[in-house]
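A.B. asks: My structure is in target-v3.txt, and what it holds is compact mmCIF, C-alpha atoms:
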```txt
# COMPACT_ATOMS: atom_id res chain seq x y z
CA GLY A 7 117.09 76.80 140.08
CA ASN A 8 114.67 79.65 139.39
CA SER A 9 115.46 79.73 135.68
CA VAL A 10 114.99 76.00 135.14
CA LEU A 11 111.87 75.75 137.32
CA ASN A 12 110.30 78.78 135.64
CA ARG A 13 110.99 77.35 132.17
CA ALA A 14 109.53 74.00 133.23
CA TYR A 15 106.47 75.61 134.82
CA TYR A 16 105.48 77.38 131.63
CA GLY A 17 106.72 74.67 129.27
CA VAL A 18 105.15 71.55 130.79
CA LYS A 19 101.44 70.93 130.90
CA PRO A 20 99.99 71.40 134.41
CA LEU A 21 100.42 68.26 136.50
CA THR A 22 99.20 67.38 140.00
CA ASN A 23 99.41 64.36 142.23
CA LYS A 24 96.32 62.66 143.60
CA GLU A 25 96.26 65.14 146.48
CA GLY A 26 96.07 68.06 144.05
CA PHE A 27 99.61 69.32 144.70
CA PRO A 28 101.13 70.90 141.55
CA THR A 29 104.07 68.91 140.20
CA GLY A 30 104.65 70.02 136.58
CA ALA A 31 107.54 72.41 137.28
CA LEU A 32 109.27 69.85 139.50
CA PHE A 33 108.87 67.11 136.91
CA GLY A 34 110.14 69.31 134.08
CA ALA A 35 113.05 70.78 136.05
CA LEU A 36 114.23 67.37 137.22
CA ASN A 37 114.08 66.10 133.65
CA ILE A 38 116.06 69.09 132.38
CA ILE A 39 118.82 68.82 134.98
CA LEU A 40 119.12 65.04 134.75
CA SER A 41 119.44 65.32 130.96
CA ALA A 42 122.34 67.71 131.53
CA VAL A 43 123.87 65.33 134.08
CA ASP A 44 123.69 62.50 131.55
CA ARG A 45 125.20 64.71 128.85
CA PHE A 46 128.08 66.28 130.80
CA SER A 47 128.80 63.63 133.49
CA PRO A 48 129.74 66.16 136.19
CA ASP A 49 131.37 65.42 139.54
CA GLY A 50 128.72 67.50 141.27
CA VAL A 51 125.66 69.68 140.79
CA VAL A 52 125.03 73.07 142.37
CA VAL A 53 121.55 74.61 142.15
CA SER A 54 121.42 78.32 142.96
CA TYR A 55 118.29 80.23 143.93
CA ASP A 56 117.08 83.80 144.08
CA LEU A 57 115.59 84.89 147.39
CA SER A 58 112.69 87.27 147.82
CA GLY A 59 113.61 90.78 148.85
CA GLY A 60 116.02 93.23 147.29
CA THR A 61 119.65 92.79 146.37
CA PHE A 62 122.62 95.13 146.26
CA ARG A 63 121.45 96.14 142.77
CA ASN A 64 118.22 97.60 144.14
CA GLU A 65 120.26 99.77 146.46
CA ARG A 66 122.07 101.21 143.43
CA TYR A 67 118.98 101.48 141.23
CA PRO A 68 115.56 101.15 142.96
CA LEU A 69 113.78 100.47 139.65
CA TYR A 70 115.82 97.30 139.05
CA LYS A 71 113.38 94.44 138.27
CA SER A 72 110.50 96.62 139.47
CA ASN A 73 108.36 95.32 136.62
CA ARG A 74 108.49 91.73 137.83
CA HIS A 75 105.22 90.19 138.96
CA GLY A 76 105.06 87.88 141.94
CA MET A 77 105.67 84.18 141.39
CA PRO A 78 102.48 82.13 140.88
CA ASP A 79 101.52 80.27 144.05
CA GLU A 80 101.70 76.92 142.26
CA LEU A 81 105.29 77.62 141.21
CA ALA A 82 106.32 78.96 144.62
CA LEU A 83 105.14 75.76 146.28
CA GLN A 84 107.16 73.65 143.87
CA LEU A 85 110.24 75.83 144.23
CA GLU A 86 110.40 75.12 147.96
CA VAL A 87 109.93 71.38 147.41
CA SER A 88 112.66 71.42 144.77
CA LYS A 89 115.21 72.35 147.42
CA GLU A 90 114.33 69.21 149.35
CA LEU A 91 114.26 67.07 146.23
CA PHE A 92 117.62 68.23 144.93
CA SER A 93 119.30 67.93 148.33
CA TYR A 94 118.03 64.35 148.69
CA LEU A 95 119.73 63.60 145.35
CA GLY A 96 123.04 64.76 146.79
CA TRP A 97 123.08 68.07 144.95
CA LYS A 98 124.15 71.28 146.68
CA THR A 99 121.48 74.01 146.85
CA VAL A 100 122.78 77.52 147.54
CA GLU A 101 121.08 80.87 148.20
CA LYS A 102 122.25 84.10 149.81
CA GLN A 103 120.21 87.08 150.90
CA GLY A 104 121.10 90.25 149.00
CA TYR A 105 122.38 88.37 145.97
CA GLU A 106 120.84 86.74 142.92
CA GLY A 107 121.19 83.15 141.80
CA ASP A 108 123.37 84.37 138.92
CA ASP A 109 125.83 85.85 141.43
CA ILE A 110 126.05 82.49 143.17
CA LEU A 111 126.69 80.78 139.82
CA GLY A 112 129.42 83.30 139.09
CA THR A 113 131.01 82.67 142.46
CA VAL A 114 130.81 78.88 142.14
CA SER A 115 132.31 78.99 138.64
CA ARG A 116 135.18 81.20 139.87
CA ILE A 117 135.94 78.87 142.77
CA CYS A 118 135.92 75.84 140.46
CA GLU A 119 138.01 77.56 137.81
CA GLU A 120 140.63 78.46 140.40
CA ALA A 121 140.72 74.78 141.38
CA GLY A 122 141.31 73.84 137.73
CA ASP A 123 137.85 72.44 137.03
CA ASP A 124 135.66 72.73 133.96
CA VAL A 125 132.19 74.19 134.57
CA TYR A 126 128.91 73.95 132.71
CA ILE A 127 126.22 76.44 133.71
CA LEU A 128 122.70 75.32 132.80
CA SER A 129 120.23 78.19 132.38
CA GLY A 130 117.95 80.00 130.00
CA ASP A 131 119.53 83.34 130.95
CA ARG A 132 121.89 84.89 128.40
CA ASP A 133 123.24 87.27 131.04
CA LEU A 134 125.46 84.38 132.10
CA PHE A 135 127.41 84.65 128.84
CA GLN A 136 129.73 87.05 130.67
CA LEU A 137 130.99 84.08 132.73
CA ILE A 138 132.24 82.18 129.67
CA SER A 139 135.96 81.42 129.80
CA ASP A 140 138.38 78.71 128.72
CA LYS A 141 137.05 76.68 131.70
CA THR A 142 133.37 77.73 131.88
CA ARG A 143 130.68 77.14 129.27
CA ILE A 144 127.01 78.08 129.24
CA ALA A 145 124.49 75.36 128.40
CA LEU A 146 121.71 77.63 127.20
CA LEU A 147 118.23 76.14 127.41
CA GLY A 148 116.17 76.66 124.27
CA ASN A 149 112.74 75.58 123.13
CA SER A 150 114.04 72.63 121.14
CA GLU A 151 117.64 72.11 122.26
CA THR A 152 120.26 73.05 124.81
CA LYS A 153 123.17 74.72 123.03
CA VAL A 154 126.58 74.96 124.65
CA TYR A 155 128.41 78.27 124.32
CA GLY A 156 132.13 78.53 124.82
CA GLU A 157 134.31 81.42 123.71
CA SER A 158 134.24 80.47 120.01
CA GLU A 159 130.46 80.00 119.93
CA PHE A 160 129.96 83.35 121.65
CA ILE A 161 132.23 85.18 119.21
CA GLU A 162 130.48 83.51 116.28
CA LYS A 163 127.10 84.72 117.56
CA TYR A 164 127.96 88.29 118.58
CA GLY A 165 131.20 89.13 116.79
CA ILE A 166 132.69 90.60 119.96
CA GLY A 167 134.76 89.19 122.81
CA VAL A 168 133.21 87.65 125.91
CA ASP A 169 134.80 90.41 128.00
CA GLN A 170 132.75 92.94 125.99
CA PHE A 171 129.38 91.35 126.72
CA ILE A 172 128.72 93.53 129.78
CA ASP A 173 129.52 96.62 127.69
CA LEU A 174 126.99 95.39 125.15
CA LYS A 175 124.34 94.99 127.86
CA SER A 176 125.10 98.42 129.27
CA ILE A 177 124.23 100.01 125.91
CA MET A 178 121.26 97.89 124.79
CA GLY A 179 119.79 97.53 128.28
CA ASP A 180 117.33 94.83 129.29
CA SER A 181 113.65 95.71 129.59
CA SER A 182 112.86 92.46 131.41
CA ASP A 183 115.10 93.56 134.30
CA CYS A 184 114.44 97.33 133.96
CA ILE A 185 118.09 97.91 133.04
CA PRO A 186 117.79 101.17 131.07
CA GLY A 187 120.76 101.07 128.70
CA ILE A 188 120.88 103.90 126.19
CA ARG A 189 117.40 104.75 124.98
CA GLY A 190 116.87 104.10 121.27
CA ILE A 191 119.79 101.70 120.77
CA GLY A 192 119.06 97.99 120.37
CA GLU A 193 121.29 94.94 120.18
CA LYS A 194 122.47 95.42 116.59
CA GLY A 195 123.36 99.05 117.14
CA ALA A 196 125.06 98.24 120.44
CA VAL A 197 127.18 95.53 118.82
CA LYS A 198 128.37 97.99 116.15
CA LEU A 199 129.28 100.54 118.80
CA ILE A 200 131.24 98.05 120.90
CA ARG A 201 133.08 96.77 117.84
CA ALA A 202 134.11 100.35 117.11
CA ALA A 203 134.86 101.50 120.65
CA GLY A 204 135.93 98.33 122.42
CA THR A 205 134.48 99.34 125.79
CA LEU A 206 131.65 101.48 127.12
CA GLU A 207 134.15 103.77 128.81
CA ASN A 208 135.99 104.45 125.56
CA LEU A 209 132.70 105.04 123.74
CA LEU A 210 131.56 107.61 126.30
CA ALA A 211 134.95 109.33 126.42
CA ASN A 212 135.34 109.59 122.63
CA THR A 213 131.80 109.57 121.29
CA ARG A 214 132.23 112.34 118.71
CA GLU A 215 135.45 110.81 117.36
CA LEU A 216 133.98 107.31 117.08
CA VAL A 217 130.44 108.09 115.91
CA SER A 218 129.72 110.18 112.82
CA GLN A 219 125.91 110.18 112.91
CA MET A 220 124.87 113.19 115.03
CA SER A 221 121.51 111.75 116.04
CA LEU A 222 123.31 108.72 117.47
CA VAL A 223 125.86 110.92 119.20
CA LYS A 224 123.04 112.75 120.97
CA LYS A 225 121.47 109.45 122.09
CA ILE A 226 124.78 108.29 123.55
CA GLU A 227 125.54 111.58 125.28
CA SER A 228 122.07 111.89 126.78
CA GLY A 229 122.08 108.24 127.89
CA ALA A 230 125.61 108.14 129.29
CA ASP A 231 124.59 108.08 132.95
CA ASP A 232 122.06 105.31 132.32
CA ALA A 233 124.70 103.29 130.50
CA VAL A 234 127.13 103.58 133.41
CA ILE A 235 124.56 102.38 135.97
CA SER A 236 123.42 99.68 133.54
CA LYS A 237 126.92 98.24 133.42
CA LYS A 238 126.98 98.00 137.21
CA LEU A 239 123.57 96.34 137.26
CA ALA A 240 124.45 93.84 134.52
CA THR A 241 127.75 92.74 136.03
CA ILE A 242 127.52 89.41 137.85
CA CYS A 243 129.20 89.33 141.26
CA THR A 244 131.73 86.50 141.57
CA SER A 245 132.59 87.05 145.23
CA VAL A 246 129.38 86.15 147.09
CA PRO A 247 130.32 85.16 150.67
CA ILE A 248 128.92 81.61 150.50
CA GLY A 249 131.68 80.13 152.65
CA MET A 250 132.26 77.11 150.40
CA SER A 251 135.12 75.47 148.55
CA GLU A 252 135.33 73.21 145.52
CA ASN A 253 134.83 70.05 147.60
CA ASP A 254 131.47 71.34 148.84
CA PHE A 255 130.13 71.19 145.28
CA LEU A 256 130.80 67.48 144.72
CA PHE A 257 127.95 64.99 144.77
CA GLY A 258 126.83 64.25 148.29
CA VAL A 259 125.37 61.01 149.58
CA MET A 260 121.90 60.34 148.19
CA LYS A 261 119.31 60.25 150.97
CA LYS A 262 117.49 57.24 149.57
CA ASP A 263 114.71 56.92 152.13
CA GLU A 264 113.75 60.60 151.90
CA LEU A 265 114.09 60.59 148.11
CA PHE A 266 111.92 57.49 147.72
CA ALA A 267 109.23 58.98 149.97
CA LEU A 268 109.18 62.33 148.15
CA LEU A 269 109.20 60.84 144.64
CA SER A 270 106.39 58.52 145.69
CA LYS A 271 104.37 61.40 147.09
CA LEU A 272 104.88 63.38 143.89
CA GLU A 273 103.96 60.24 141.89
CA PHE A 274 107.11 60.50 139.79
CA ASN A 275 107.17 56.85 138.73
CA GLN A 276 109.64 57.54 135.92
CA PHE A 277 112.22 58.79 138.40
CA LEU A 278 111.47 56.05 140.93
CA LYS A 279 112.41 53.55 138.22
CA ARG A 280 115.57 55.49 137.40
CA PHE A 281 116.87 55.64 140.96
CA PHE A 282 115.47 52.51 142.56
CA CYS A 283 114.81 49.91 139.87
CA GLN A 284 118.15 49.73 138.12
CA ASN A 285 119.76 46.31 137.70
```
Please express what this file holds, its structure, as structure tokens.
C.D. replies:
Amino acid sequence: GNSVLNRAYYGVKPLTNKEGFPTGALFGALNIILSAVDRFSPDGVVVSYDLSGGTFRNERYPLYKSNRHGMPDELALQLEVSKELFSYLGWKTVEKQGYEGDDILGTVSRICEEAGDDVYILSGDRDLFQLISDKTRIALLGNSETKVYGESEFIEKYGIGVDQFIDLKSIMGDSSDCIPGIRGIGEKGAVKLIRAAGTLENLLANTRELVSQMSLVKKIESGADDAVISKKLATICTSVPIGMSENDFLFGVMKKDELFALLSKLEFNQFLKRFFCQN
């Protein structure tokens, strides 16, 4: 939810209804998700949300996401309305204090995989690549297209296995989330190290045997503790206690009266036609 709404907020020109309520993020997000529904024909839609306040990651590393600015008021207003809008459509909205939306997605995908289902995760967040499996694919939102990544597409892009993605993140870090990684090593260097070592743990245990360049050895040795905490921060939790099963994720009954009233208030005529004017 947060990822799609944020992308829509900054990617769609500012819109308001006649009352002056901002609607651009809602309009864009609904368009994005409905396009994915048309493309993948799912049996249900789950929209996960971040909640304000810290998560278990902040307890481990207080600087985690400390560089994030507050959400613009116009976006915050639309985010709350989106929960109503999506629920009226029969989609499940899920949030859990102490966890991020990505953790909820990881948990939902695990539950569905265990039930034998295929899963498509729609987001602009590459961190979700770690959830790719033979049953789960990432539909990564881009500026011009949404590209689907399965195991083969991931390997083609990075040249490492999906199970090594967290090791990659633990070395290269992520400045947008204040995940430190190993200072002075970027994505290309991290990929080379993981290809050579296989895992972060093996790299740290056998640095001098695996790495010949002494300046790089010193970077790894001095950044070892940061790399270890980075791996913990980057790992998505797939056991969030949401108290739901596979059946809870299926499409619910559309609340037509509430949906018609909200779409009318938002002045979303395009979507009114889609849901209420079909022959």
A.B. asks: When you draw a straight line from atom CA of Ile117 of chain A to atom CA of Ile144 of chain A, how long is it in Å?
C.D. replies: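 Separation between atom CA of Ile117 of chain A and atom CA of Ile144 of chain A: 16.2 Å.
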A.B. asks: Pick the closest to Asp131 of chain A from A:Asp183, A:Asp254, A:Glu119, A:Asp44: which is it, counting all atoms listed in the file?
C.D. replies: A:Asp183
A.B. asks: Determine the axis-aligned bounding box of all atoms of segment 212-218 of chain A present in the file, pad each side by 3 Å, and express its centre and edge lengths in Å to one decimal place as lines of an AutoDock Vina configuration file.
C.D. replies:
```
center_x = 132.6
center_y = 109.8
center_z = 117.7
size_x = 11.7
size_y = 11.0
size_z = 15.8
```
A.B. asks: To one decimal place in Å, what is the distance between atom CA of Val154 of chain A and atom CA of Ser139 of chain A?
C.D. replies: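 Taking atom CA of Val154 of chain A as the start and atom CA of Ser139 of chain A as the end point, the length is 12.5 Å.
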A.B. asks: From the options A:Val168, A:Leu206, A:Val246, A:Leu21, which residue's atoms come nearest to Thr61 of chain A, counting only C-alpha atoms?
C.D. replies: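 Checking each candidate against Thr61 of chain A, we get A:Val246 as the closest.
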A.B. asks: Calculated over only C-alpha atoms, which of the candidates A:Ile38, A:Met250, A:Val125, A:Ala31 has the smallest distance to Glu86 of chain A?
C.D. replies: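 Counting only C-alpha atoms, the residue closest to Glu86 of chain A is A:Ala31.
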A.B. asks: List as a PDB file with C-alpha atoms, in the coordinates of the input: which residues have an atom within 8 Å of (137.1, 88.1, 128.6), counting all atoms listed in the file?
C.D. replies:
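Result written to selection-v9.pdb:
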```pdb
ATOM      1  CA  GLN A 136     129.730  87.050 130.670  1.00  0.00           C
ATOM      2  CA  ILE A 138     132.240  82.180 129.670  1.00  0.00           C
ATOM      3  CA  SER A 139     135.960  81.420 129.800  1.00  0.00           C
ATOM      4  CA  GLY A 167     134.760  89.190 122.810  1.00  0.00           C
ATOM      5  CA  VAL A 168     133.210  87.650 125.910  1.00  0.00           C
ATOM      6  CA  ASP A 169     134.800  90.410 128.000  1.00  0.00           C
ATOM      7  CA  GLN A 170     132.750  92.940 125.990  1.00  0.00           C
TER       8      GLN A 170
END
```
